[in-house]
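Peer 1: Provided herewith is a single structure, encoded as structure tokens, for subsequent inquiry.
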Amino acid sequence: MPPLSTTLFLPMNKRFYITTAIDYVNGQPHLGHAYEKIVADVIARSRRSLGQETFFLTGLDEHGQKIQQAAQAEGKSPQAYCDELAVDWKAFAKKLELTNDDFVRTTEPRHKEVVQAILTKLHAAGQFYRKTYKGFYSTKEETFLTDKDRRPDGTFDPAYGEVIELEENNYWFKLREQQQWLIDYLEKNPSFVQPDYRRNEVLGFLKNNELEDLCITRPAARLNWGIPLPFDKDFVAYVWFDALVNYISIPAAHGDPTVLSALKNSQPSTLNPQLSLWPADIHVVGKDIVKFHAVFWPIMLKAMGLPLPKQILVHGWWQKDGAKISKSTGNIVDPVAVIDEWGLDAFRFYVLRELDIGPDGNWTDAGFKSRYQAELANGLGNLINRSLSMLKRYRNGVVPAKHDELAAAAAKAADETRALLKQNQLQSALQSIWGLVTRANQYVDQTKPFSLAKDPAQARRLDEVLYNLTETCRVLAVLLWSFLPGTAVKIYVQLGLTGTPDKLDAATWGGLSAGHKIGEPAPLFPRKEER
């Protein structure tokens with residue numbers, strides 16, 4: 001196999017391509033799913049606001065033994081079971097107001113065709129072989145285990161569920177021979193897995209363990225809910241081999257020339273225009289599936305002759321009140337219930353402000369309420385409401401002449417936000433934006449416009465203060481768009497502006513003209529009564 005080129009020609013019109021992991025449909029969405037999708041959505045929105053054409057993919061993983069068993073338990077066919085849950089998951093994406101450009105389901109023909117094309121190609125290239133495996137198998141995790149997976153007392157971690165002894169013949173993918181190449185790649189490309197400590201974990205795993213070849217099939221006699229091997233109908237593809245391919249099957253469906261070329265498929269796309277997406281710019285994934293994305297997936301792509309994604313961005317897990325989130329113990333956070341009570345933007349703000357991408361986080365209801373009151377209601381909401389209310393009261397809602405007293409603070413926040421968004425540092429970007437919120441609230445306290453309004457001799461000074469506050473509100477709407485899109489639009493409406501504040505270039509100071517008439521102020525984050 002020729003070495004993977006890192007200088008492959010990429011079309012000039014390639015879009016910024018970001019994905020979430022696809023969710024396994026053996027249950028309902030929870031806080032962790034919501035967090036990952038919101039992180040990806042903010043990055044996608046921010047890239048669009050920076051002027052980049054962007055393609056955002058999310059979706060569902062619908063094959064495998066757990067799905068087959070869950071469907072049987074409910075007396076349904078696996079397809080009917082998946083179809084019903086897909087409705088719930090699509091509704092969840094809509095509830096989060098995701099700006100995804102496509103939604104993949106691995107039971108779709110467009111995905112199956114690409115999986116089978118890859119299986120055919122790799123089989124013809126001698127990347128697969130057959131052998132009989134005798135050992136341990138975790139039904140829950142759908143994976144083979146070895147003695148290395150045992151704990152010191154000889155047992156297996158309860159996370160594996162029931163572990164059975166199994167002997168069966170399967171097809172295996174040659175991973176082992178690629179171990180040193182992958183170590184070299186990770187060391188030469190430090191941004192490939194982020195944060196750094198997640199990359200170090202992958203390197204530690206590769207340097208301290210001999211990489212085993214990957215079993216990429218299951219006998220159809222044992223598991224028939226999967227994509228059949230095109231060269232051997234007695235087997236279906238292992239669910240992870242199938243699932244990872246979604247990242248290129250959807251570009252193929254949209255006519256991506258890089259993917260279609262690797263598949264030796266010159267069929268024109270049925271979608272117009274054809275999109276250049278691959279390689280992915282970012283795969284957003286949870287820490288529990290790093291091995292699949294940072295070990296299996298790169299080696300699969302190398303075997304296919306495709307360039308690697310630019311980055312695997314790994315987030316942590318959420319706890320609630322310092323304990324593991326668990327449906328069985330009742331220690332849960334229902335994102336839909338929180339959104340229904342507090343609003344979508346309050347939910348988006350809390351998960352992004354509370355948890356940086358990488359470490360684990362801890363949800364507390366008290367912490368959520370505290371951030372809502374202090375930073376949303378008393379901070380941002382109070383600033384917008386009192387600034388526009390004073391302009392309405394003292395100047396009939398008409399914007400005075402331009403003045404630049406807060407221009408430097410606004411420019412600093414805009415520059416920092418722009419730079420941080422390019423680095424996907426979402427928490428830090430929010431902190432920078434709130435630095436401007438705090439500065440503007442302090443400005444109100446320092447200048448005391450309500451006192452200036454009582455002195456006709458201070459009319460000009462009042463005009464200056466009111467312009468600075470109103471223009472800061474406009475800049476904040478632009479900076480907040482990627483994070484709190486509904487709030488950003490509401491601020492624009494209250495400012496009497498049309499359109500959407502979705503371009504970061506519009507954060508330049510001076511966008512409001514003298515004589516412009518604003519709309520009606522209204523509370524953005526109504527204060528909640530204590531219960």
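Residues in the structure tokens are named by chain (A, B, ... in the order shown) and by number from 1 within that chain; ligands are numbered from 1 in the order shown.
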Using only C-alpha atoms, determine which residues lie at most 10 Å from Arg460 in chain A, disregarding the query and same-chain residues fewer than 5 positions distant; provide the list as a PyMOL selection string.
Peer 2: chain A and resi 400-401+452+465-466
Peer 1: Taking the DSSP assignment computed from this structure's backbone, write out as a ChimeraX atom specification all residues of range 88-323 of chain A that belong to strand (DSSP E).
Peer 2: /A:102-105,128-138,143-145,163-173,193-194,214-215,217-219,228-229,232-237,282-286,312-315,318-320,323
Peer 1: Mind the document's chain letters and residue numbers, and return as a ChimeraX atom specification the residues of range 192-397 of chain A that DSSP labels alpha helix (DSSP H).
Peer 2: /A:196-208,239-244,246-253,257-262,290-291,297-304,335-342,344-354,365-371,382-395
Peer 1: Please provide the set of residues having any atom within 12 Å of Gln116 in chain A, restricted to only C-alpha atoms, with same-chain residues fewer than 3 positions apart removed, written as a list in words.
Peer 2: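 Contacts, with the query itself left out: Pro109, Arg110, His111, Lys112, Glu113, Leu119, Thr120, Lys121, Leu122, His123, Gly226, Ile227, Pro228, Leu229, Pro230, Phe231, Asp232, Lys233, Val236, Ala237, Phe241, Asp242, Val245, Ser249 and Leu263 of chain A.
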Peer 1: Which polymer residues have any atom within 6 Å of an atom of Pro219 in chain A, counting only C-alpha atoms, with same-chain residues fewer than 2 positions away left out, as a VMD selection string?
Peer 2: chain A and resid 221 to 222 235
Peer 1: Could you tell me how far CA of Phe368 in chain A lies from CA of Leu479 in chain A, in Å and to one decimal?
Peer 2: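 Separation of CA of Phe368 in chain A and CA of Leu479 in chain A: 22.1 Å.
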Peer 1: CA of Leu426 in chain A and CA of Leu98 in chain A are how many Å apart?
Peer 2: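 Straight-line distance from CA of Leu426 in chain A to CA of Leu98 in chain A works out to 16.4 Å.
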